[in-house]
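Participant: Here it is, the structure, as structure tokens.
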Amino acid sequence: MAWVEDEIELLGVEAFQEVQKQYQSEHGDQESDFDEAKYERKMLAKKIVAKQFKPLKNAVKKMAFIHVDRLFRNLFKQSHPEVPTDWEQMCSRTLSHLDEKTMLFEDVTPYLYVKDQLAGIKSNHVIQHVFIDEAQDYSPFQFEYLKMIYPAASMTILGDVNQAVYAQSQHQLTMLDGSLHTEKQHHVMKLNKSYRSTKDIVDFTKQFITDGEQIEPFNRKGEKPLLIKGEDRQKLDQRMIQEAERLKQAGHQSIAIITKTASESEEVYHRLKDNLSIKLLTKDSYEFERGLHVLPSYLSKGIEFDAVIVHDASTNVYKHEHERTLFYTVCTRAMHELVLFSLGEECLFIQQVSPGAYQVDQEIT
């Protein structure tokens, strides 16, 4: 090939010397009819071609010729025989996020599954045991995928169905569902005793969840949760500042003002930061220190605070039935004191709690 010959002519002395050493190594000083010059030319050509094809060879090894993104998109552009009733809406939402170079949490595992089916499953047979925490936020599909990539592993699965805060896991089957664990080697243990919060907080929160009566509180007394209602946001903010200072004076070293959303947290932070020493926690926060913090509900999972202030527990904020477990999770972050503010009527979940389980402050007008 002419281009190979051209490349040989451009090679330096070192390349020719290296091939000559290789020839000497193979043939030594023996006299032979073998054409050394022809041998050198062939070996140099071989090296040049190998160098040119190396990127292509690597791409083939990595299955780079498979366009996983495009194939994944096609799943949401085609019709399928059995789909959920809101399939078109789901497809539109997924494709919109992919156009923005982002991916929804619930789409990550299906994407990995599609990629594995095309390029080959990379199972790990070395891992012998897998611990999974917060299992209430994992779907059955994610469970099956974990079993596929860790085929030799046994599992310990921990979770609380009442703390499912993500949209895809609320009122849907999760990894904790009993129908997924019917094999003989599976053992399910239910732990119903709560050690985080005081008896008063547990007696309050367990009344707005399913089977809450099965929760047994640890016998540690404290103050009953306090509900503060009002119609004026500025006056409620002033009272919130007073409550935060009171909780500090009571010796609580970690205090959280928990909102429903991240945007709400930012608003609260900017409204209160001039009157309180407060820190805003976001998804990019990597350090957690003692003091007063404001954060959204989904970031409060797995964290506990000496005292919690629920920024707005009104029916305007927590108004859907599927938010019941979210509200439960927010309230159960409190270990010693729980204060709930409500701009207007309190949400249905509080209304369902027996009046003797909490205190109600006189309405702020």
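Chain lettering (A, B, ...) mirrors the order of the structure tokens, residue numbering begins at 1 for each chain separately, and ligand numbering begins at 1 in order of display.
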Taking only region 60-263 of chain A into account, list the residues labelled alpha helix (DSSP H) by DSSP (computed from the backbone), as a PDB file with C-alpha atoms, in the first residue's frame.

Facilitator:
ATOM      1  CA  VAL A  60     -14.102  -2.623  18.989  1.00  0.00           C
ATOM      2  CA  LYS A  61     -12.978  -4.062  22.341  1.00  0.00           C
ATOM      3  CA  VAL A  68     -26.172   2.934  23.732  1.00  0.00           C
ATOM      4  CA  ASP A  69     -27.704   6.389  24.206  1.00  0.00           C
ATOM      5  CA  ARG A  70     -29.530   6.234  20.885  1.00  0.00           C
ATOM      6  CA  LEU A  71     -30.747   2.684  21.461  1.00  0.00           C
ATOM      7  CA  PHE A  72     -31.974   3.629  24.951  1.00  0.00           C
ATOM      8  CA  ARG A  73     -33.859   6.580  23.488  1.00  0.00           C
ATOM      9  CA  ASN A  74     -35.561   4.312  20.960  1.00  0.00           C
ATOM     10  CA  LEU A  75     -37.208   2.392  23.799  1.00  0.00           C
ATOM     11  CA  TRP A  87     -46.509   5.808  29.510  1.00  0.00           C
ATOM     12  CA  GLU A  88     -46.539   8.724  27.051  1.00  0.00           C
ATOM     13  CA  GLN A  89     -45.962  11.212  29.849  1.00  0.00           C
ATOM     14  CA  MET A  90     -43.119   9.078  31.235  1.00  0.00           C
ATOM     15  CA  CYS A  91     -41.491   8.845  27.802  1.00  0.00           C
ATOM     16  CA  SER A  92     -41.749  12.573  27.230  1.00  0.00           C
ATOM     17  CA  ARG A  93     -40.191  13.326  30.633  1.00  0.00           C
ATOM     18  CA  THR A  94     -37.321  10.869  30.134  1.00  0.00           C
ATOM     19  CA  LEU A  95     -36.524  12.097  26.630  1.00  0.00           C
ATOM     20  CA  SER A  96     -36.635  15.712  27.790  1.00  0.00           C
ATOM     21  CA  HIS A  97     -34.024  14.996  30.470  1.00  0.00           C
ATOM     22  CA  LEU A  98     -31.827  13.084  28.010  1.00  0.00           C
ATOM     23  CA  ASP A  99     -31.941  16.088  25.659  1.00  0.00           C
ATOM     24  CA  PHE A 105     -32.747   8.453  39.098  1.00  0.00           C
ATOM     25  CA  GLU A 106     -35.280   5.801  38.098  1.00  0.00           C
ATOM     26  CA  ASP A 107     -33.845   5.626  34.542  1.00  0.00           C
ATOM     27  CA  VAL A 108     -30.259   4.862  35.567  1.00  0.00           C
ATOM     28  CA  THR A 109     -30.724   1.141  36.231  1.00  0.00           C
ATOM     29  CA  PRO A 110     -32.718   0.459  33.017  1.00  0.00           C
ATOM     30  CA  TYR A 111     -29.980   2.297  31.098  1.00  0.00           C
ATOM     31  CA  LEU A 112     -27.269   0.124  32.663  1.00  0.00           C
ATOM     32  CA  TYR A 113     -29.339  -2.991  31.962  1.00  0.00           C
ATOM     33  CA  VAL A 114     -29.702  -2.080  28.277  1.00  0.00           C
ATOM     34  CA  LYS A 115     -25.965  -1.382  28.055  1.00  0.00           C
ATOM     35  CA  ASP A 116     -25.105  -4.717  29.692  1.00  0.00           C
ATOM     36  CA  GLN A 117     -27.409  -6.645  27.374  1.00  0.00           C
ATOM     37  CA  LEU A 118     -25.706  -5.092  24.348  1.00  0.00           C
ATOM     38  CA  ALA A 119     -22.082  -5.084  25.459  1.00  0.00           C
ATOM     39  CA  PRO A 140     -37.901  -4.537  42.302  1.00  0.00           C
ATOM     40  CA  PHE A 141     -36.108  -3.898  38.995  1.00  0.00           C
ATOM     41  CA  GLN A 142     -33.109  -2.449  40.813  1.00  0.00           C
ATOM     42  CA  PHE A 143     -33.152  -5.439  43.157  1.00  0.00           C
ATOM     43  CA  GLU A 144     -33.035  -7.878  40.238  1.00  0.00           C
ATOM     44  CA  TYR A 145     -30.223  -5.898  38.628  1.00  0.00           C
ATOM     45  CA  LEU A 146     -28.131  -6.065  41.818  1.00  0.00           C
ATOM     46  CA  LYS A 147     -28.664  -9.834  41.942  1.00  0.00           C
ATOM     47  CA  MET A 148     -27.547 -10.049  38.311  1.00  0.00           C
ATOM     48  CA  ILE A 149     -24.262  -8.176  38.791  1.00  0.00           C
ATOM     49  CA  LYS A 199     -41.754   8.562  73.317  1.00  0.00           C
ATOM     50  CA  ASP A 200     -43.764  11.753  72.819  1.00  0.00           C
ATOM     51  CA  ILE A 201     -42.497  12.276  69.270  1.00  0.00           C
ATOM     52  CA  VAL A 202     -43.003   8.617  68.340  1.00  0.00           C
ATOM     53  CA  ASP A 203     -46.542   8.606  69.771  1.00  0.00           C
ATOM     54  CA  PHE A 204     -47.266  11.619  67.566  1.00  0.00           C
ATOM     55  CA  THR A 205     -45.667  10.488  64.288  1.00  0.00           C
ATOM     56  CA  ARG A 233     -45.765  34.719  57.152  1.00  0.00           C
ATOM     57  CA  GLN A 234     -43.697  37.525  58.662  1.00  0.00           C
ATOM     58  CA  LYS A 235     -45.122  36.917  62.131  1.00  0.00           C
ATOM     59  CA  LEU A 236     -44.522  33.187  61.777  1.00  0.00           C
ATOM     60  CA  ASP A 237     -40.918  33.911  60.758  1.00  0.00           C
ATOM     61  CA  GLN A 238     -40.442  36.023  63.883  1.00  0.00           C
ATOM     62  CA  ARG A 239     -41.806  33.211  66.007  1.00  0.00           C
ATOM     63  CA  MET A 240     -39.580  30.714  64.181  1.00  0.00           C
ATOM     64  CA  ILE A 241     -36.551  32.820  65.070  1.00  0.00           C
ATOM     65  CA  GLN A 242     -37.670  32.824  68.706  1.00  0.00           C
ATOM     66  CA  GLU A 243     -38.157  29.048  68.704  1.00  0.00           C
ATOM     67  CA  ALA A 244     -34.724  28.481  67.157  1.00  0.00           C
ATOM     68  CA  GLU A 245     -33.121  30.620  69.862  1.00  0.00           C
ATOM     69  CA  ARG A 246     -35.130  28.832  72.561  1.00  0.00           C
ATOM     70  CA  LEU A 247     -33.953  25.443  71.310  1.00  0.00           C
ATOM     71  CA  LYS A 248     -30.352  26.662  71.358  1.00  0.00           C
ATOM     72  CA  GLN A 249     -30.755  27.927  74.916  1.00  0.00           C
ATOM     73  CA  ALA A 262     -34.808  22.830  47.845  1.00  0.00           C
ATOM     74  CA  SER A 263     -36.184  26.121  46.494  1.00  0.00           C
TER      75      SER A 263
END

Participant: Find the spatial neighbours of Gln214 (chain A), counting only C-alpha atoms, within a cut-off of 10 Å - ignore same-chain residues fewer than 2 positions away - and output them as a VMD selection string.

Facilitator: chain A and resid 191 to 193 206 210 to 212 216 to 217

Participant: Next, write the just-selected residues to a file, as a PDB file, in the first residue's frame, keeping N, CA and C atoms as the atom set.

Facilitator:
ATOM      1  N   LEU A 191     -38.116  -5.006  62.705  1.00  0.00           N
ATOM      2  CA  LEU A 191     -37.691  -4.323  63.929  1.00  0.00           C
ATOM      3  C   LEU A 191     -38.651  -3.166  64.161  1.00  0.00           C
ATOM      4  N   ASN A 192     -39.458  -3.270  65.201  1.00  0.00           N
ATOM      5  CA  ASN A 192     -40.514  -2.287  65.413  1.00  0.00           C
ATOM      6  C   ASN A 192     -40.219  -1.284  66.521  1.00  0.00           C
ATOM      7  N   LYS A 193     -39.107  -1.462  67.219  1.00  0.00           N
ATOM      8  CA  LYS A 193     -38.808  -0.556  68.324  1.00  0.00           C
ATOM      9  C   LYS A 193     -38.004   0.637  67.820  1.00  0.00           C
ATOM     10  N   LYS A 206     -46.362   8.200  64.755  1.00  0.00           N
ATOM     11  CA  LYS A 206     -46.857   6.876  64.337  1.00  0.00           C
ATOM     12  C   LYS A 206     -48.342   6.882  64.013  1.00  0.00           C
ATOM     13  N   THR A 210     -49.403   3.944  58.076  1.00  0.00           N
ATOM     14  CA  THR A 210     -50.033   2.629  58.109  1.00  0.00           C
ATOM     15  C   THR A 210     -49.321   1.712  59.085  1.00  0.00           C
ATOM     16  N   ASP A 211     -50.077   0.984  59.879  1.00  0.00           N
ATOM     17  CA  ASP A 211     -49.534   0.050  60.877  1.00  0.00           C
ATOM     18  C   ASP A 211     -48.632   0.749  61.890  1.00  0.00           C
ATOM     19  N   GLY A 212     -48.883   2.027  62.106  1.00  0.00           N
ATOM     20  CA  GLY A 212     -48.068   2.775  63.056  1.00  0.00           C
ATOM     21  C   GLY A 212     -48.189   2.275  64.474  1.00  0.00           C
ATOM     22  N   GLU A 216     -43.033   0.531  68.565  1.00  0.00           N
ATOM     23  CA  GLU A 216     -42.889   0.620  70.024  1.00  0.00           C
ATOM     24  C   GLU A 216     -41.822   1.656  70.363  1.00  0.00           C
ATOM     25  N   PRO A 217     -42.203   2.736  71.027  1.00  0.00           N
ATOM     26  CA  PRO A 217     -41.211   3.774  71.338  1.00  0.00           C
ATOM     27  C   PRO A 217     -40.314   3.385  72.497  1.00  0.00           C
TER      28      PRO A 217
END

Participant: Could you write out, as an NGL selection string, all the residues of region 64-265 of chain A that DSSP marks as strand (DSSP E)?

Facilitator: :A and (129-132 or 154-157 or 193-194 or 216-217 or 226-230 or 254-259)

Participant: Restricting the calculation to only C-alpha atoms: of A:Glu345, A:Glu321, A:Asp160, A:Leu56, which residue gets closest to Gly302 (chain A)?

Facilitator: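 Answer, going by the shortest atom-to-atom distance: A:Asp160.
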
Participant: Which residue gives the smallest distance to Asp306 (chain A) among A:Arg41, A:Arg290, A:His252, A:Lys319, with only C-alpha atoms counted?

Facilitator: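 The answer is A:His252, which sits nearest to Asp306 (chain A).
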
Participant: One number please: CA of Ser354 (chain A) to CA of Arg196 (chain A), in Å, one decimal.

Facilitator: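 These atoms are spaced 21.7 Å apart.
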